[in-house]
Each structure stands twice: as structure tokens, then as C-alpha cells.
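Next up, coords.csv (CSV, N, CA and C atoms):
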chain,number,residue,atom,x,y,z
J,304,MET,N,58.8,-72.7,-27.2
J,304,MET,CA,58.3,-73.5,-28.3
J,304,MET,C,57.2,-74.5,-27.7
J,305,SER,N,56.0,-74.6,-28.3
J,305,SER,CA,55.0,-75.4,-27.8
J,305,SER,C,55.2,-76.9,-28.3
J,306,GLU,N,54.6,-77.8,-27.5
J,306,GLU,CA,54.7,-79.2,-27.8
J,306,GLU,C,53.5,-79.6,-28.6
J,307,ALA,N,53.7,-80.3,-29.7
J,307,ALA,CA,52.5,-80.8,-30.5
J,307,ALA,C,51.7,-81.8,-29.8
J,308,ARG,N,50.4,-81.7,-29.8
J,308,ARG,CA,49.6,-82.7,-29.1
J,308,ARG,C,48.6,-83.4,-30.0
J,309,GLU,N,48.7,-83.1,-31.3
J,309,GLU,CA,47.9,-83.7,-32.3
J,309,GLU,C,48.7,-84.1,-33.5
J,310,HIS,N,48.2,-85.1,-34.2
J,310,HIS,CA,48.7,-85.5,-35.5
J,310,HIS,C,47.7,-85.1,-36.6
J,311,GLY,N,48.2,-84.4,-37.6
J,311,GLY,CA,47.3,-84.0,-38.7
J,311,GLY,C,47.8,-84.5,-40.0
J,312,CYS,N,46.8,-84.7,-40.9
J,312,CYS,CA,47.1,-85.1,-42.3
J,312,CYS,C,45.9,-84.7,-43.1
J,313,GLY,N,46.2,-84.6,-44.4
J,313,GLY,CA,45.1,-84.2,-45.3
J,313,GLY,C,45.3,-84.7,-46.7
J,314,ASP,N,44.2,-84.6,-47.5
J,314,ASP,CA,44.2,-85.0,-48.9
J,314,ASP,C,43.2,-84.2,-49.6
J,315,ASP,N,42.8,-84.5,-50.8
J,315,ASP,CA,41.8,-83.8,-51.6
J,315,ASP,C,40.4,-83.7,-50.9
J,316,ASP,N,40.1,-84.7,-50.0
J,316,ASP,CA,38.8,-84.7,-49.4
J,316,ASP,C,38.8,-83.9,-48.1
J,317,GLY,N,39.9,-83.5,-47.6
J,317,GLY,CA,39.8,-82.7,-46.4
J,317,GLY,C,41.1,-82.9,-45.5
J,318,LEU,N,40.9,-82.5,-44.2
J,318,LEU,CA,42.0,-82.5,-43.3
J,318,LEU,C,41.5,-83.2,-42.0
J,319,LEU,N,42.4,-83.9,-41.4
J,319,LEU,CA,42.1,-84.7,-40.2
J,319,LEU,C,43.1,-84.4,-39.1
J,320,CYS,N,42.7,-84.0,-37.9
J,320,CYS,CA,43.5,-83.8,-36.8
J,320,CYS,C,43.1,-84.8,-35.7
J,321,VAL,N,44.0,-85.5,-35.1
J,321,VAL,CA,43.7,-86.5,-34.1
J,321,VAL,C,44.6,-86.3,-32.9
J,322,PRO,N,44.1,-86.2,-31.7
J,322,PRO,CA,45.0,-86.2,-30.5
J,322,PRO,C,45.9,-87.4,-30.5
J,323,PHE,N,47.2,-87.2,-30.2
J,323,PHE,CA,48.1,-88.2,-30.2
J,323,PHE,C,47.7,-89.5,-29.4
J,324,ASP,N,47.0,-89.2,-28.3
J,324,ASP,CA,46.6,-90.4,-27.5
J,324,ASP,C,45.4,-91.2,-28.1
J,325,ALA,N,44.8,-90.7,-29.2
J,325,ALA,CA,43.7,-91.4,-29.9
J,325,ALA,C,44.1,-92.0,-31.2
J,326,VAL,N,45.4,-91.7,-31.6
J,326,VAL,CA,45.8,-92.2,-33.0
J,326,VAL,C,45.7,-93.7,-33.2
J,327,ASP,N,46.1,-94.5,-32.2
J,327,ASP,CA,46.0,-95.9,-32.3
J,327,ASP,C,44.5,-96.4,-32.5
J,328,GLY,N,43.6,-95.9,-31.8
J,328,GLY,CA,42.2,-96.2,-31.9
J,328,GLY,C,41.6,-95.8,-33.2
J,329,VAL,N,41.9,-94.6,-33.6
J,329,VAL,CA,41.4,-94.1,-34.9
J,329,VAL,C,42.0,-94.9,-36.1
J,330,LEU,N,43.3,-95.2,-36.0
J,330,LEU,CA,43.9,-96.0,-37.0
J,330,LEU,C,43.2,-97.4,-37.1
J,331,LYS,N,43.0,-98.0,-36.0
J,331,LYS,CA,42.3,-99.3,-36.0
J,331,LYS,C,40.9,-99.3,-36.6
J,332,ALA,N,40.2,-98.3,-36.2
J,332,ALA,CA,38.8,-98.1,-36.7
J,332,ALA,C,38.8,-97.8,-38.2
J,333,ALA,N,39.7,-97.0,-38.6
J,333,ALA,CA,39.8,-96.6,-40.1
J,333,ALA,C,40.3,-97.8,-40.9
J,334,THR,N,41.2,-98.6,-40.4
J,334,THR,CA,41.6,-99.8,-41.1
J,334,THR,C,40.5,-100.8,-41.2
J,335,ALA,N,39.7,-101.0,-40.1
J,335,ALA,CA,38.5,-101.9,-40.2
J,335,ALA,C,37.5,-101.4,-41.2
J,336,LYS,N,37.2,-100.1,-41.2
J,336,LYS,CA,36.3,-99.5,-42.2
J,336,LYS,C,36.8,-99.7,-43.6
J,337,HIS,N,38.0,-99.5,-43.8
J,337,HIS,CA,38.6,-99.7,-45.2
J,337,HIS,C,38.5,-101.1,-45.6
J,338,GLU,N,38.8,-102.0,-44.7
J,338,GLU,CA,38.7,-103.5,-45.1
J,338,GLU,C,37.2,-103.9,-45.4
J,339,ALA,N,36.3,-103.3,-44.7
J,339,ALA,CA,34.9,-103.6,-44.9
J,339,ALA,C,34.4,-103.0,-46.3
J,340,GLU,N,34.9,-101.8,-46.6
J,340,GLU,CA,34.6,-101.2,-47.9
J,340,GLU,C,35.2,-102.0,-49.0
J,341,GLN,N,36.4,-102.5,-48.8
J,341,GLN,CA,37.0,-103.3,-49.9
J,341,GLN,C,36.2,-104.6,-50.2
J,342,LYS,N,35.7,-105.2,-49.1
J,342,LYS,CA,34.9,-106.4,-49.2
J,342,LYS,C,33.6,-106.1,-50.0
J,343,GLN,N,33.0,-104.9,-49.6
J,343,GLN,CA,31.8,-104.5,-50.3
J,343,GLN,C,32.0,-104.2,-51.7
J,344,ILE,N,33.1,-103.6,-52.1
J,344,ILE,CA,33.4,-103.3,-53.5
J,344,ILE,C,33.6,-104.6,-54.2
J,345,ALA,N,34.3,-105.6,-53.6
J,345,ALA,CA,34.5,-106.8,-54.3
J,345,ALA,C,33.2,-107.6,-54.5
J,346,ASN,N,32.3,-107.5,-53.6
J,346,ASN,CA,31.0,-108.1,-53.7
J,346,ASN,C,30.2,-107.4,-54.8
J,347,ILE,N,30.3,-106.1,-54.9
J,347,ILE,CA,29.6,-105.4,-56.0
J,347,ILE,C,30.1,-105.8,-57.3
J,348,MET,N,31.4,-105.8,-57.5
J,348,MET,CA,32.1,-106.2,-58.7
J,348,MET,C,31.7,-107.7,-59.1
J,349,ALA,N,31.5,-108.5,-58.1
J,349,ALA,CA,31.2,-109.9,-58.4
J,349,ALA,C,29.7,-110.2,-58.6
J,350,GLY,N,28.9,-109.1,-58.4
J,350,GLY,CA,27.5,-109.2,-58.5
J,350,GLY,C,26.8,-109.9,-57.4
J,351,THR,N,27.5,-110.0,-56.2
J,351,THR,CA,26.9,-110.7,-55.1
J,351,THR,C,26.6,-109.8,-53.9
J,352,HIS,N,26.6,-108.5,-54.2
J,352,HIS,CA,26.3,-107.5,-53.1
J,352,HIS,C,24.8,-107.5,-52.8
J,353,ASP,N,24.4,-107.6,-51.6
J,353,ASP,CA,23.0,-107.6,-51.2
J,353,ASP,C,22.7,-106.4,-50.3
J,354,SER,N,21.9,-105.5,-50.9
J,354,SER,CA,21.6,-104.3,-50.1
J,354,SER,C,20.1,-104.2,-49.8
J,355,SER,N,19.4,-105.4,-49.9
J,355,SER,CA,18.0,-105.5,-49.6
J,355,SER,C,17.6,-105.0,-48.2
J,356,TRP,N,18.6,-105.0,-47.3
J,356,TRP,CA,18.3,-104.6,-45.9
J,356,TRP,C,18.0,-103.1,-45.9
J,357,VAL,N,18.5,-102.3,-46.9
J,357,VAL,CA,18.3,-100.9,-46.9
J,357,VAL,C,16.8,-100.6,-47.1
J,358,ASP,N,16.2,-101.2,-48.2
J,358,ASP,CA,14.8,-101.0,-48.4
J,358,ASP,C,13.9,-101.5,-47.3
J,359,LYS,N,14.3,-102.6,-46.7
J,359,LYS,CA,13.6,-103.2,-45.6
J,359,LYS,C,13.6,-102.2,-44.4
J,360,THR,N,14.7,-101.7,-44.1
J,360,THR,CA,14.8,-100.8,-43.0
J,360,THR,C,14.0,-99.5,-43.3
J,361,LEU,N,14.1,-99.0,-44.5
J,361,LEU,CA,13.4,-97.8,-44.8
J,361,LEU,C,11.9,-98.0,-44.7
J,362,ARG,N,11.4,-99.2,-45.2
J,362,ARG,CA,10.0,-99.5,-45.1
J,362,ARG,C,9.6,-99.6,-43.6
J,363,GLU,N,10.4,-100.2,-42.8
J,363,GLU,CA,10.1,-100.3,-41.3
J,363,GLU,C,10.0,-98.9,-40.7
J,364,LEU,N,10.8,-98.0,-41.2
J,364,LEU,CA,10.8,-96.6,-40.7
J,364,LEU,C,9.7,-95.7,-41.4
J,365,ASN,N,8.9,-96.4,-42.2
J,365,ASN,CA,7.8,-95.7,-42.9
J,365,ASN,C,8.3,-94.5,-43.8
J,366,CYS,N,9.4,-94.6,-44.4
J,366,CYS,CA,9.9,-93.6,-45.3
J,366,CYS,C,9.1,-93.5,-46.6
J,367,GLU,N,8.9,-92.3,-47.1
J,367,GLU,CA,8.1,-92.1,-48.3
J,367,GLU,C,8.9,-92.4,-49.5
J,368,GLY,N,8.2,-92.7,-50.6
J,368,GLY,CA,8.9,-92.8,-51.9
J,368,GLY,C,9.3,-94.3,-52.2
J,369,LEU,N,9.0,-95.2,-51.4
J,369,LEU,CA,9.3,-96.6,-51.7
J,369,LEU,C,8.1,-97.3,-52.3
J,370,ASN,N,8.3,-98.2,-53.2
J,370,ASN,CA,7.2,-99.0,-53.8
J,370,ASN,C,6.7,-100.1,-52.9

Encoding of this model in C-alpha cells:
Amino acid sequence: MSEAREHGCGDDDGLLCVPFDAVDGVLKAATAKHEAEQKQIANIMAGTHDSSWVDKTLRELNCEGLN
């Protein structure tokens, strides 16, 4: 019988396999991303979200289609 070396999980969006020795780091990064997204959602709902940096960055990169 072989020994498992990865942890896997899945949902409607897909499947994720992570080597056991990377699980802690992936969990920490995923938790930080989730917290940042929750803050962004709260700002959007409160009407305080500022995404002006997106257009600024696209203009600096000379992207087409911006006014």
C-alpha cells in the first residue's frame, strides 16, 4: 500500500491537491486572501471601494479602450 503525500479537496469550482509539506503555507495564504476579499466586499457594499488604481495602472501601461 502506498503512502499519501498530498491532501486533496474539491468543490463546484474545481479540485485542489497540495503536497502535505505545503499545506500550512497554502492555508495561511488562502486565509489571508479570503480576509482581503471579505474586506473588499464590505467596502463595495458600504460604497467606499476605490478601484481608481486600476484605470491609472492601465493608462500607465498604454492599454487601449480607456477614455

Å distance separating CA of Glu367 (chain J) from atom N of Ile347 (chain J), one decimal place: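 Rounded to one decimal, the two atoms are 27.1 Å apart.
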
Strand (DSSP E) per DSSP on the backbone: members of chain J, as a list in words: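 These are the residues in question: Glu309, His310, Gly311, Cys312, Gly313, Asp314, Gly317, Leu318, Leu319, Cys320, Val321 and Pro322 of chain J.
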
Separation of atom N of Gly311 (chain J) from atom C of Asp327 (chain J) in Å: 13.6 Å

Please return as a short mmCIF file (atom, residue, chain, number, x, y, z; two decimals) with N, CA and C atoms, in the coordinates of the input: the residues of chain J that backbone DSSP assigns to helix (DSSP H, G or I).
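Generated file (result04.cif):
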data_model
loop_
_atom_site.label_atom_id
_atom_site.label_comp_id
_atom_site.auth_asym_id
_atom_site.auth_seq_id
_atom_site.Cartn_x
_atom_site.Cartn_y
_atom_site.Cartn_z
N PHE J 323 47.20 -87.20 -30.20
CA PHE J 323 48.10 -88.20 -30.20
C PHE J 323 47.70 -89.50 -29.40
N ASP J 324 47.00 -89.20 -28.30
CA ASP J 324 46.60 -90.40 -27.50
C ASP J 324 45.40 -91.20 -28.10
N ALA J 325 44.80 -90.70 -29.20
CA ALA J 325 43.70 -91.40 -29.90
C ALA J 325 44.10 -92.00 -31.20
N VAL J 326 45.40 -91.70 -31.60
CA VAL J 326 45.80 -92.20 -33.00
C VAL J 326 45.70 -93.70 -33.20
N ASP J 327 46.10 -94.50 -32.20
CA ASP J 327 46.00 -95.90 -32.30
C ASP J 327 44.50 -96.40 -32.50
N GLY J 328 43.60 -95.90 -31.80
CA GLY J 328 42.20 -96.20 -31.90
C GLY J 328 41.60 -95.80 -33.20
N VAL J 329 41.90 -94.60 -33.60
CA VAL J 329 41.40 -94.10 -34.90
C VAL J 329 42.00 -94.90 -36.10
N LEU J 330 43.30 -95.20 -36.00
CA LEU J 330 43.90 -96.00 -37.00
C LEU J 330 43.20 -97.40 -37.10
N LYS J 331 43.00 -98.00 -36.00
CA LYS J 331 42.30 -99.30 -36.00
C LYS J 331 40.90 -99.30 -36.60
N ALA J 332 40.20 -98.30 -36.20
CA ALA J 332 38.80 -98.10 -36.70
C ALA J 332 38.80 -97.80 -38.20
N ALA J 333 39.70 -97.00 -38.60
CA ALA J 333 39.80 -96.60 -40.10
C ALA J 333 40.30 -97.80 -40.90
N THR J 334 41.20 -98.60 -40.40
CA THR J 334 41.60 -99.80 -41.10
C THR J 334 40.50 -100.80 -41.20
N ALA J 335 39.70 -101.00 -40.10
CA ALA J 335 38.50 -101.90 -40.20
C ALA J 335 37.50 -101.40 -41.20
N LYS J 336 37.20 -100.10 -41.20
CA LYS J 336 36.30 -99.50 -42.20
C LYS J 336 36.80 -99.70 -43.60
N HIS J 337 38.00 -99.50 -43.80
CA HIS J 337 38.60 -99.70 -45.20
C HIS J 337 38.50 -101.10 -45.60
N GLU J 338 38.80 -102.00 -44.70
CA GLU J 338 38.70 -103.50 -45.10
C GLU J 338 37.20 -103.90 -45.40
N ALA J 339 36.30 -103.30 -44.70
CA ALA J 339 34.90 -103.60 -44.90
C ALA J 339 34.40 -103.00 -46.30
N GLU J 340 34.90 -101.80 -46.60
CA GLU J 340 34.60 -101.20 -47.90
C GLU J 340 35.20 -102.00 -49.00
N GLN J 341 36.40 -102.50 -48.80
CA GLN J 341 37.00 -103.30 -49.90
C GLN J 341 36.20 -104.60 -50.20
N LYS J 342 35.70 -105.20 -49.10
CA LYS J 342 34.90 -106.40 -49.20
C LYS J 342 33.60 -106.10 -50.00
N GLN J 343 33.00 -104.90 -49.60
CA GLN J 343 31.80 -104.50 -50.30
C GLN J 343 32.00 -104.20 -51.70
N ILE J 344 33.10 -103.60 -52.10
CA ILE J 344 33.40 -103.30 -53.50
C ILE J 344 33.60 -104.60 -54.20
N ALA J 345 34.30 -105.60 -53.60
CA ALA J 345 34.50 -106.80 -54.30
C ALA J 345 33.20 -107.60 -54.50
N ASN J 346 32.30 -107.50 -53.60
CA ASN J 346 31.00 -108.10 -53.70
C ASN J 346 30.20 -107.40 -54.80
N ILE J 347 30.30 -106.10 -54.90
CA ILE J 347 29.60 -105.40 -56.00
C ILE J 347 30.10 -105.80 -57.30
N MET J 348 31.40 -105.80 -57.50
CA MET J 348 32.10 -106.20 -58.70
C MET J 348 31.70 -107.70 -59.10
N ALA J 349 31.50 -108.50 -58.10
CA ALA J 349 31.20 -109.90 -58.40
C ALA J 349 29.70 -110.20 -58.60
N SER J 355 19.40 -105.40 -49.90
CA SER J 355 18.00 -105.50 -49.60
C SER J 355 17.60 -105.00 -48.20
N TRP J 356 18.60 -105.00 -47.30
CA TRP J 356 18.30 -104.60 -45.90
C TRP J 356 18.00 -103.10 -45.90
N VAL J 357 18.50 -102.30 -46.90
CA VAL J 357 18.30 -100.90 -46.90
C VAL J 357 16.80 -100.60 -47.10
N ASP J 358 16.20 -101.20 -48.20
CA ASP J 358 14.80 -101.00 -48.40
C ASP J 358 13.90 -101.50 -47.30
N LYS J 359 14.30 -102.60 -46.70
CA LYS J 359 13.60 -103.20 -45.60
C LYS J 359 13.60 -102.20 -44.40
N THR J 360 14.70 -101.70 -44.10
CA THR J 360 14.80 -100.80 -43.00
C THR J 360 14.00 -99.50 -43.30
N LEU J 361 14.10 -99.00 -44.50
CA LEU J 361 13.40 -97.80 -44.80
C LEU J 361 11.90 -98.00 -44.70
N ARG J 362 11.40 -99.20 -45.20
CA ARG J 362 10.00 -99.50 -45.10
C ARG J 362 9.60 -99.60 -43.60
N GLU J 363 10.40 -100.20 -42.80
CA GLU J 363 10.10 -100.30 -41.30
C GLU J 363 10.00 -98.90 -40.70
#

Distance in Å - atom C of Asn346 (chain J) versus atom C of Thr360 (chain J): 21.4 Å

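Residues with any atom within 6 Å of the point (43.6, -85.3, -30.5), counting only N, CA and C atoms, are Arg308, Glu309, His310, Cys320, Val321, Pro322, Phe323, Asp324 and Ala325 of chain J.
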
Once you add 5 Å to each side, what are the centre and edge lengths of the axis-aligned box holding all listed atoms of region 363-369 of chain J? One decimal in Å, as lines of an AutoDock Vina configuration file, if you can.
center_x = 9.3
center_y = -96.2
center_z = -46.5
size_x = 13.0
size_y = 18.2
size_z = 21.6
